[in-house]
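Source file: coords_38.cif. Holds: mmCIF, C-alpha atoms.
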```
data_protein
#
loop_
_atom_site.label_atom_id
_atom_site.label_comp_id
_atom_site.auth_asym_id
_atom_site.auth_seq_id
_atom_site.Cartn_x
_atom_site.Cartn_y
_atom_site.Cartn_z
CA MET A 320 11.59 -4.08 34.67
CA SER A 321 13.23 -0.76 35.57
CA GLU A 322 14.95 -0.79 32.18
CA GLN A 323 11.74 -1.40 30.22
CA PRO A 324 9.97 1.53 28.49
CA ILE A 325 6.84 1.79 30.64
CA ARG A 326 4.56 4.82 30.87
CA ARG A 327 1.61 5.17 33.24
CA VAL A 328 -1.26 7.48 32.34
CA GLN A 329 -4.21 8.32 34.60
CA ARG A 330 -7.35 9.51 32.84
CA ASP A 331 -11.07 9.41 33.61
CA GLY A 332 -10.48 7.16 36.59
CA VAL A 333 -8.52 4.62 34.55
CA GLU A 334 -4.83 3.76 34.88
CA TYR A 335 -3.27 2.87 31.53
CA VAL A 336 0.06 1.02 31.78
CA LEU A 337 1.77 1.41 28.41
CA LEU A 338 4.55 -1.10 27.73
CA GLY A 339 6.75 -0.25 24.75
CA THR A 340 8.03 -3.43 23.14
CA ALA A 341 10.38 -4.56 20.40
CA HIS A 342 8.59 -6.92 18.07
CA VAL A 343 11.68 -9.12 17.67
CA SER A 344 12.89 -9.29 21.27
CA ARG A 345 12.72 -12.09 23.83
CA THR A 346 13.11 -9.43 26.53
CA SER A 347 9.80 -7.87 25.50
CA VAL A 348 8.06 -11.25 25.85
CA GLU A 349 9.51 -11.64 29.35
CA ALA A 350 8.47 -8.06 30.25
CA VAL A 351 4.87 -8.77 29.25
CA GLN A 352 4.80 -11.97 31.28
CA GLN A 353 6.38 -10.31 34.33
CA LEU A 354 3.95 -7.37 34.34
CA LEU A 355 0.97 -9.72 34.14
CA ALA A 356 2.41 -11.79 37.00
CA GLU A 357 3.19 -8.85 39.30
CA GLU A 358 0.20 -6.54 38.74
CA SER A 359 -3.55 -6.98 38.51
CA PHE A 360 -5.27 -5.70 35.36
CA ASP A 361 -8.88 -5.55 34.24
CA ALA A 362 -7.96 -5.88 30.56
CA VAL A 363 -5.01 -6.19 28.19
CA ALA A 364 -4.75 -4.21 24.95
CA VAL A 365 -2.44 -5.18 22.10
CA GLU A 366 -1.23 -3.37 18.99
CA LEU A 367 -3.04 -5.69 16.60
CA CYS A 368 -6.03 -5.57 14.30
CA PRO A 369 -8.25 -8.65 13.71
CA HIS A 370 -6.42 -9.59 10.51
CA ARG A 371 -3.00 -9.45 12.13
CA GLU A 372 -4.24 -11.32 15.20
CA LYS A 373 -5.58 -14.06 12.94
CA ALA A 374 -2.28 -14.25 11.08
CA LEU A 375 -0.36 -14.58 14.36
CA ARG A 376 -2.72 -17.11 15.86
CA ASP A 377 -3.23 -19.14 12.68
CA PRO A 378 -0.32 -19.05 10.21
CA GLN A 379 -2.48 -21.01 7.76
CA ALA A 380 -5.33 -18.46 7.85
CA VAL A 381 -4.80 -17.68 4.17
CA ALA A 382 -5.95 -21.22 3.39
CA HIS A 383 -9.48 -20.18 4.41
CA MET A 384 -9.45 -17.07 2.23
CA ASP A 385 -11.80 -16.81 -0.75
CA LEU A 386 -9.21 -15.86 -3.36
CA LEU A 387 -11.80 -15.21 -6.07
CA LYS A 388 -13.62 -12.78 -3.78
CA VAL A 389 -10.33 -11.03 -3.05
CA LEU A 390 -9.76 -10.56 -6.78
CA ARG A 391 -13.30 -9.36 -7.46
CA GLU A 392 -13.22 -6.82 -4.63
CA GLY A 393 -9.91 -5.36 -5.76
CA ARG A 394 -8.10 -6.40 -2.56
CA ALA A 395 -5.44 -8.48 -4.31
CA GLY A 396 -2.80 -5.76 -3.99
CA VAL A 397 -3.32 -5.36 -0.24
CA VAL A 398 -3.32 -9.13 0.34
CA ALA A 399 -0.16 -9.51 -1.74
CA ALA A 400 1.52 -6.78 0.31
CA SER A 401 0.44 -8.54 3.51
CA LEU A 402 1.96 -11.78 2.23
CA ALA A 403 5.16 -9.91 1.41
CA LEU A 404 5.31 -8.45 4.93
CA SER A 405 4.66 -11.90 6.33
CA ALA A 406 7.60 -13.26 4.35
CA TYR A 407 9.79 -10.48 5.73
CA GLN A 408 8.73 -11.47 9.24
CA ARG A 409 9.57 -15.09 8.59
CA ARG A 410 13.07 -14.24 7.43
CA ILE A 411 13.70 -12.28 10.62
CA ALA A 412 12.28 -15.13 12.69
CA ALA A 413 14.64 -17.59 11.02
CA GLN A 414 17.64 -15.39 11.91
CA LEU A 415 16.68 -14.48 15.48
CA GLY A 416 14.87 -17.63 16.55
CA ILE A 417 11.78 -15.68 17.63
CA GLU A 418 8.63 -14.84 15.72
CA PRO A 419 7.96 -11.10 15.35
CA GLY A 420 4.90 -10.31 17.43
CA ALA A 421 5.63 -12.99 20.03
CA GLU A 422 5.11 -10.43 22.82
CA MET A 423 1.59 -9.77 21.48
CA VAL A 424 0.81 -13.47 21.52
CA ALA A 425 2.19 -13.66 25.08
CA ALA A 426 -0.05 -10.75 26.13
CA MET A 427 -3.18 -12.37 24.68
CA ALA A 428 -2.31 -15.75 26.19
CA GLY A 429 -1.67 -14.11 29.57
CA ALA A 430 -5.04 -12.36 29.47
CA GLU A 431 -6.79 -15.63 28.67
CA ASP A 432 -4.99 -17.39 31.51
CA LYS A 433 -6.18 -14.72 33.95
CA GLY A 434 -9.70 -14.73 32.57
CA ILE A 435 -9.66 -11.07 31.55
CA PRO A 436 -10.47 -9.66 28.09
CA TYR A 437 -7.91 -8.55 25.56
CA TRP A 438 -8.59 -5.71 23.14
CA LEU A 439 -7.30 -5.36 19.58
CA ILE A 440 -6.64 -1.63 19.38
CA ASP A 441 -4.65 -1.13 16.18
CA ARG A 442 -6.23 0.01 12.93
CA ASP A 443 -6.90 -2.56 10.22
CA VAL A 444 -3.68 -3.04 8.26
CA GLY A 445 -5.55 -2.83 4.95
CA VAL A 446 -7.00 0.57 5.86
CA THR A 447 -3.57 1.81 6.92
CA MET A 448 -2.00 0.73 3.64
CA ARG A 449 -4.81 2.23 1.58
CA ARG A 450 -4.57 5.53 3.47
CA ALA A 451 -0.78 5.50 3.06
CA ARG A 452 -1.16 4.91 -0.66
CA ALA A 453 -3.65 7.76 -0.96
CA ALA A 454 -1.40 10.11 1.03
CA VAL A 455 1.47 10.10 -1.47
CA GLY A 456 1.90 10.80 -5.16
CA PHE A 457 2.23 8.38 -8.05
CA TRP A 458 6.02 8.07 -7.99
CA GLN A 459 6.17 7.54 -4.23
CA ARG A 460 3.52 4.83 -4.56
CA ALA A 461 5.64 3.13 -7.20
CA GLN A 462 8.73 3.41 -4.98
CA LEU A 463 6.88 1.99 -2.00
CA THR A 464 5.58 -0.97 -3.99
CA ALA A 465 8.91 -1.68 -5.65
CA GLY A 466 10.82 -1.29 -2.39
CA LEU A 467 8.50 -3.65 -0.54
CA MET A 468 8.64 -6.33 -3.22
CA LEU A 469 12.41 -6.11 -3.62
CA SER A 470 12.99 -6.26 0.14
CA VAL A 471 11.11 -9.55 0.47
CA LEU A 472 12.14 -11.19 -2.79
CA GLU A 473 15.86 -10.82 -2.23
CA ASP A 474 17.45 -14.07 -1.10
CA ARG A 475 19.64 -12.56 1.60
CA GLU A 476 19.78 -12.29 5.35
CA VAL A 477 18.11 -9.29 6.93
CA GLU A 478 20.84 -6.81 7.84
CA GLU A 479 21.53 -5.78 11.43
CA ALA A 480 20.47 -2.19 10.68
CA GLU A 481 17.05 -3.41 9.54
CA ILE A 482 16.64 -5.53 12.66
CA GLU A 483 17.57 -2.57 14.87
CA LYS A 484 14.81 -0.53 13.21
CA LEU A 485 12.35 -3.28 14.07
CA LYS A 486 13.47 -3.12 17.68
CA GLN A 487 12.49 0.55 17.77
CA GLY A 488 9.08 0.27 16.09
CA ASP A 489 6.65 -2.01 14.35
CA LEU A 490 6.76 -3.82 11.03
CA LEU A 491 4.93 -1.19 9.00
CA GLN A 492 6.97 1.62 10.50
CA SER A 493 10.34 -0.06 9.99
CA THR A 494 9.58 -1.32 6.48
CA PHE A 495 8.67 2.13 5.21
CA SER A 496 10.81 4.19 7.59
CA GLU A 497 13.06 5.66 4.89
CA PHE A 498 10.04 6.89 2.94
CA ALA A 499 8.24 8.06 6.07
CA ARG A 500 11.12 10.30 7.10
CA GLN A 501 11.05 11.98 3.69
CA SER A 502 7.26 12.26 3.50
CA PRO A 503 5.35 13.99 6.30
CA ALA A 504 2.09 12.71 4.80
CA LEU A 505 3.29 9.12 4.94
CA PHE A 506 4.62 9.51 8.49
CA GLU A 507 1.26 10.97 9.51
CA THR A 508 -0.57 7.93 8.11
CA LEU A 509 1.73 5.18 9.32
CA ILE A 510 2.62 6.54 12.74
CA ASP A 511 0.69 9.59 14.00
CA GLU A 512 -2.76 8.45 12.90
CA ARG A 513 -2.26 5.04 14.49
CA ASP A 514 -1.09 6.67 17.73
CA ARG A 515 -4.32 8.68 17.83
CA TYR A 516 -6.39 5.67 16.83
CA MET A 517 -4.94 3.39 19.52
CA ALA A 518 -5.36 6.04 22.23
CA ALA A 519 -8.99 6.57 21.16
CA ARG A 520 -9.67 2.82 21.16
CA LEU A 521 -8.20 2.48 24.64
CA ARG A 522 -10.44 5.23 26.01
CA ALA A 523 -13.54 3.89 24.25
CA GLU A 524 -13.01 0.29 25.41
CA ALA A 525 -12.29 1.36 28.99
CA ALA A 526 -15.44 3.51 29.10
CA GLN A 527 -17.59 0.70 27.71
CA SER A 528 -16.18 -2.10 29.89
CA GLY A 529 -15.72 -0.19 33.13
CA ALA A 530 -12.07 -1.28 33.37
CA ARG A 531 -9.99 0.63 35.90
CA LYS A 532 -6.52 -0.65 35.08
CA VAL A 533 -5.39 -1.63 31.58
CA LEU A 534 -2.12 -3.00 30.27
CA ALA A 535 -1.43 -1.80 26.71
CA VAL A 536 1.31 -3.63 24.81
CA ILE A 537 2.44 -1.48 21.88
CA GLY A 538 5.57 -1.05 19.78
CA ALA A 539 8.20 1.21 21.31
CA GLY A 540 7.93 3.55 18.32
CA HIS A 541 4.31 4.30 19.25
CA LEU A 542 4.88 4.77 22.97
CA GLU A 543 5.45 8.53 23.07
CA GLY A 544 2.68 9.41 20.64
CA THR A 545 0.10 7.15 22.25
CA GLU A 546 0.94 8.49 25.71
CA ARG A 547 0.58 12.07 24.46
CA GLU A 548 -2.78 11.39 22.80
CA LEU A 549 -4.06 9.41 25.76
CA SER A 550 -3.18 12.23 28.14
CA GLY A 551 -4.21 15.25 26.14
CA SER A 552 -6.75 14.44 23.44
CA SER A 553 -10.14 16.08 23.96
CA ALA A 554 -11.84 14.37 20.99
CA GLU A 555 -14.74 12.00 21.57
CA PRO A 556 -12.94 8.64 21.29
CA ARG A 557 -15.47 6.60 19.30
CA HIS A 558 -16.00 9.35 16.75
CA LEU A 559 -12.23 9.87 16.38
CA ALA A 560 -11.61 6.14 15.94
CA SER A 561 -14.38 5.95 13.34
CA VAL A 562 -12.90 8.84 11.35
CA LEU A 563 -9.38 7.37 11.44
CA ALA A 564 -10.64 3.90 10.45
CA ALA A 565 -12.42 5.16 7.33
CA ASP A 566 -11.08 4.34 3.88
CA PRO A 567 -9.68 7.36 2.02
CA PRO A 568 -12.14 8.99 -0.40
CA PRO A 569 -11.65 8.13 -4.07
CA SER A 570 -8.98 10.26 -5.64
CA LYS A 571 -10.49 13.03 -7.76
CA PHE A 572 -7.24 13.26 -9.69
CA ALA A 573 -7.28 9.53 -10.50
CA ARG A 574 -10.92 9.71 -11.60
CA TRP A 575 -10.40 12.75 -13.83
CA PHE A 576 -7.14 11.34 -15.14
CA GLY A 577 -9.03 8.20 -16.15
CA TYR A 578 -11.67 10.26 -17.92
CA ALA A 579 -8.98 12.31 -19.65
CA LEU A 580 -7.16 9.17 -20.76
CA MET A 581 -10.35 7.71 -22.24
CA ALA A 582 -11.10 11.00 -23.99
CA VAL A 583 -7.60 11.13 -25.50
CA LEU A 584 -7.77 7.52 -26.68
CA LEU A 585 -11.21 7.94 -28.22
CA GLY A 586 -10.07 11.23 -29.74
CA LEU A 587 -7.08 9.55 -31.37
CA LEU A 588 -9.31 6.82 -32.79
CA VAL A 589 -11.85 9.32 -34.14
CA TRP A 590 -9.06 11.46 -35.58
CA GLY A 591 -7.60 8.41 -37.30
CA PHE A 592 -10.84 7.35 -38.94
CA ASN A 593 -11.51 10.95 -40.00
CA LYS A 594 -8.19 10.93 -41.83
CA GLY A 595 -9.14 7.74 -43.61
CA ARG A 596 -10.29 4.22 -43.00
CA ASN A 597 -6.80 2.76 -43.40
CA ILE A 598 -5.27 5.19 -40.92
CA GLY A 599 -8.13 4.58 -38.50
CA MET A 600 -7.61 0.83 -38.70
CA ASP A 601 -3.87 1.30 -38.21
CA VAL A 602 -4.47 3.34 -35.06
CA LEU A 603 -6.99 0.82 -33.74
CA THR A 604 -4.60 -2.06 -34.49
CA ILE A 605 -1.77 -0.29 -32.66
CA TRP A 606 -3.99 0.14 -29.60
CA VAL A 607 -5.17 -3.45 -29.50
CA LEU A 608 -1.76 -4.91 -30.34
CA TYR A 609 0.35 -3.02 -27.80
CA THR A 610 -2.07 -3.23 -24.89
CA SER A 611 -2.68 -6.94 -25.55
CA ILE A 612 1.04 -7.65 -25.77
CA GLY A 613 1.65 -5.66 -22.56
CA GLY A 614 -0.97 -7.58 -20.59
CA ALA A 615 0.18 -10.90 -22.04
CA LEU A 616 3.84 -10.23 -21.22
CA GLY A 617 2.88 -9.41 -17.65
CA ALA A 618 1.05 -12.71 -17.33
CA ILE A 619 3.98 -14.51 -18.98
CA ALA A 620 6.33 -12.92 -16.44
CA ALA A 621 4.15 -14.48 -13.72
CA LEU A 622 4.48 -17.88 -15.47
CA ALA A 623 0.71 -17.98 -15.81
CA HIS A 624 -1.21 -20.67 -17.69
CA PRO A 625 -1.46 -20.05 -21.47
CA ILE A 626 -5.21 -19.48 -21.16
CA SER A 627 -4.59 -16.96 -18.35
CA ILE A 628 -2.15 -15.19 -20.67
CA LEU A 629 -4.83 -15.19 -23.36
CA ALA A 630 -7.35 -13.71 -20.89
CA ALA A 631 -4.94 -10.89 -20.07
CA ALA A 632 -4.38 -10.19 -23.76
CA LEU A 633 -8.10 -10.14 -24.59
CA VAL A 634 -9.13 -7.85 -21.72
CA SER A 635 -6.16 -5.45 -21.79
CA PRO A 636 -7.48 -3.22 -24.64
CA LEU A 637 -10.67 -2.66 -22.61
CA THR A 638 -9.04 -2.10 -19.20
CA PRO A 639 -8.71 1.73 -19.37
CA PHE A 640 -12.41 2.12 -20.16
CA HIS A 641 -13.88 0.58 -17.00
CA VAL A 642 -12.51 -0.27 -13.56
CA ALA A 643 -14.25 -3.67 -13.62
CA LEU A 644 -12.34 -4.66 -16.76
CA SER A 645 -8.99 -5.14 -15.07
CA SER A 646 -6.72 -7.41 -17.06
CA GLY A 647 -5.16 -8.63 -13.81
CA MET A 648 -8.53 -9.54 -12.33
CA PHE A 649 -9.47 -11.64 -15.36
CA SER A 650 -6.07 -13.29 -15.75
CA GLY A 651 -5.79 -13.91 -12.00
CA ALA A 652 -9.28 -15.41 -11.84
CA THR A 653 -8.52 -17.60 -14.86
CA GLU A 654 -5.27 -18.74 -13.25
CA LEU A 655 -7.16 -19.57 -10.05
CA TRP A 656 -9.74 -21.58 -12.00
CA LEU A 657 -7.20 -23.49 -14.11
CA ARG A 658 -4.59 -24.10 -11.43
CA ARG A 659 -6.66 -24.19 -8.28
CA PRO A 660 -4.36 -24.22 -5.22
CA GLN A 661 -4.14 -27.53 -3.43
CA VAL A 662 -3.84 -28.20 0.29
CA GLY A 663 -0.08 -28.55 -0.14
CA ASP A 664 0.19 -25.08 -1.69
CA PHE A 665 -1.37 -23.48 1.38
CA ALA A 666 0.75 -25.63 3.67
CA ASP A 667 3.95 -24.62 1.84
CA LEU A 668 3.04 -20.98 1.34
CA ARG A 669 4.89 -19.59 4.37
CA GLU A 670 8.15 -21.24 3.30
CA ASP A 671 7.69 -20.55 -0.41
CA LEU A 672 7.26 -16.82 0.22
CA LEU A 673 10.78 -16.70 1.63
CA THR A 674 12.43 -17.24 -1.76
CA PHE A 675 12.22 -15.57 -5.15
CA ARG A 676 11.44 -18.86 -6.90
CA GLY A 677 8.89 -19.81 -4.28
CA TRP A 678 6.60 -16.91 -5.23
CA TRP A 679 6.36 -18.32 -8.76
CA ARG A 680 6.25 -21.98 -7.73
CA ASN A 681 3.38 -21.76 -5.25
CA ARG A 682 -0.07 -21.64 -6.86
CA VAL A 683 -1.46 -19.25 -4.25
CA SER A 684 1.21 -16.56 -4.61
CA ARG A 685 1.26 -17.03 -8.39
CA VAL A 686 -2.40 -15.94 -8.57
CA PHE A 687 -1.39 -12.61 -7.00
CA LEU A 688 1.66 -12.30 -9.23
CA THR A 689 -0.54 -12.89 -12.27
CA PHE A 690 -2.93 -10.19 -11.09
CA MET A 691 -0.24 -7.59 -10.41
CA LEU A 692 2.09 -8.25 -13.35
CA SER A 693 -0.77 -8.40 -15.85
CA ASN A 694 -1.98 -4.98 -14.68
CA ILE A 695 1.54 -3.56 -14.80
CA GLY A 696 2.06 -4.95 -18.31
CA THR A 697 -1.23 -3.48 -19.48
CA ALA A 698 -0.37 -0.06 -18.04
CA ILE A 699 2.98 -0.07 -19.87
CA GLY A 700 1.22 -1.17 -23.05
CA VAL A 701 -1.27 1.70 -22.76
CA TRP A 702 1.46 4.34 -22.67
CA ILE A 703 3.45 2.78 -25.50
CA ALA A 704 0.29 2.40 -27.60
CA GLY A 705 -0.68 6.03 -27.01
CA ALA A 706 2.73 7.24 -28.14
CA ARG A 707 2.68 5.00 -31.23
CA MET A 708 -0.85 6.10 -32.14
CA ALA A 709 0.15 9.77 -31.94
CA THR A 710 3.19 9.09 -34.08
CA ARG A 711 1.10 7.32 -36.74
CA LEU A 712 -1.40 10.18 -36.88
CA ALA A 713 1.39 12.75 -37.22
CA GLN A 714 2.75 11.07 -40.35
#
```

Show me the file's structure as structure tokens.
Amino acid sequence: MSEQPIRRVQRDGVEYVLLGTAHVSRTSVEAVQQLLAEESFDAVAVELCPHREKALRDPQAVAHMDLLKVLREGRAGVVAASLALSAYQRRIAAQLGIEPGAEMVAAMAGAEDKGIPYWLIDRDVGVTMRRARAAVGFWQRAQLTAGLMLSVLEDREVEEAEIEKLKQGDLLQSTFSEFARQSPALFETLIDERDRYMAARLRAEAAQSGARKVLAVIGAGHLEGTERELSGSSAEPRHLASVLAADPPPSKFARWFGYALMAVLLGLLVWGFNKGRNIGMDVLTIWVLYTSIGGALGAIAALAHPISILAAALVSPLTPFHVALSSGMFSGATELWLRRPQVGDFADLREDLLTFRGWWRNRVSRVFLTFMLSNIGTAIGVWIAGARMATRLAQ
């Protein structure tokens, strides 16, 4: 145990024992078990949120998810990213023979065996990803999305360098570490904010429960920051945790950009009809044709059902005019209705996510692919259509 990264912090009459772990290390599992065996604690805290705990405890938790509700609420992108991260975890597990997060499971099981509570102190992964997305610009968002998808869709072994990064931090940190080093805003969201959040949650839970000694099992990459915040933060913990757990406010730029895009499109249409009915119809046809083709090609790329492809094509011309008219939402919902996932699809999902073909073969993951690729196709179609409309009007 002398070689393990352990920090002890005394505050407000509570001793916090912070154990820094590697999420892909058997040694970390043994360290958790040994600490629980040798010392007496009033509670155990783990670097998990309810969603991640559920995923660790029940690998088939996605089978109980209301996929239609996910699509309607606009959470398909976050869920798809979570599935991608899960696939990345599985590939590492296959190579190392240990599930990432096994030390967290050991900590929760140890707490249950001793009859003491365990606390989930990490911020919801969906909130973290939404705040990270809001913290960076358009091109960085595109890079993050593309990098994540490529990293999990490649049929290759995880390199030693990637595994070493995981041994120094957590999954979110290691996956986006290259971007985080280049973007202070992203590092703040993925690392610093979570350090402050976990320290605040520890203080709030200890104050509420009356615990006097707490074991906190967190990734080694969060050890220094959490210790610093736990020792020195003067903020009221519940208020701080509430602020850090809030979704980012809607982007003013995105809203005004949407308004500007609608104004430009409507302006081009009005300009066309003012120049003559034939020109106006040409401009309108260009808009409908290119956006419909873009949405349809996206759905085709997802190997969606022909009717799902048709749904994407029909809704795509309307997508820029209202957030509820997402081509991906309609095509994804149609795909879900026509090819409803069976029990076997949910059972095979974990293995199917490990391969490029599996994402397209499994009916669950194909719903998310249909959603995302239809939206991407529509977006490309919008820009091409706008350029073609301007060209036609300039003739």

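For the pair CA of Ala621 (chain A) and CA of Leu692 (chain A), the separation is 6.6 Å.
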
What would the selection look like, as an MDAnalysis selection string, if the PyMOL selection byres ((chain A and resi 443) around 12) were run on the coordinates I just shared? chainID A and resid 366:373 397 401 439:442 444:450 491 509 513 516:517 560:561 563:566

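Put simply, the PyMOL selection byres ((chain A and resi 709) around 10) in this file takes in Leu584, Leu587, Leu588, Gly591, Val602, Ala704, Gly705, Ala706, Arg707, Met708, Thr710, Arg711, Leu712, Ala713 and Gln714 of chain A.
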
Between A:Arg391, A:His541, A:Arg452, A:Lys433, which one has atoms that come closest to Leu644 (chain A), using only C-alpha atoms?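 Under the stated criterion, the closest residue is A:Arg391.
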
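Each of A:Gly529, A:Gly544, A:Gly696, A:Gly599 was checked against Asp361 (chain A) using all atoms listed in the file; the smallest atom-to-atom distance is that of A:Gly529.
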
So what does the PyMOL selection byres ((chain A and resi 650-658) around 12) actually pick up in this one, as number ranges by chain? A: 385-393, 395-396, 614-619, 621-635, 644-649, 659-661, 664, 680-694, 696-697

Which residue is closest to Trp606 (chain A)? Choose from A:Gly586, A:Gly540, A:Pro636, A:Gly434 and count all atoms listed in the file.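 The shortest atom-to-atom distance to Trp606 (chain A) comes from A:Pro636.
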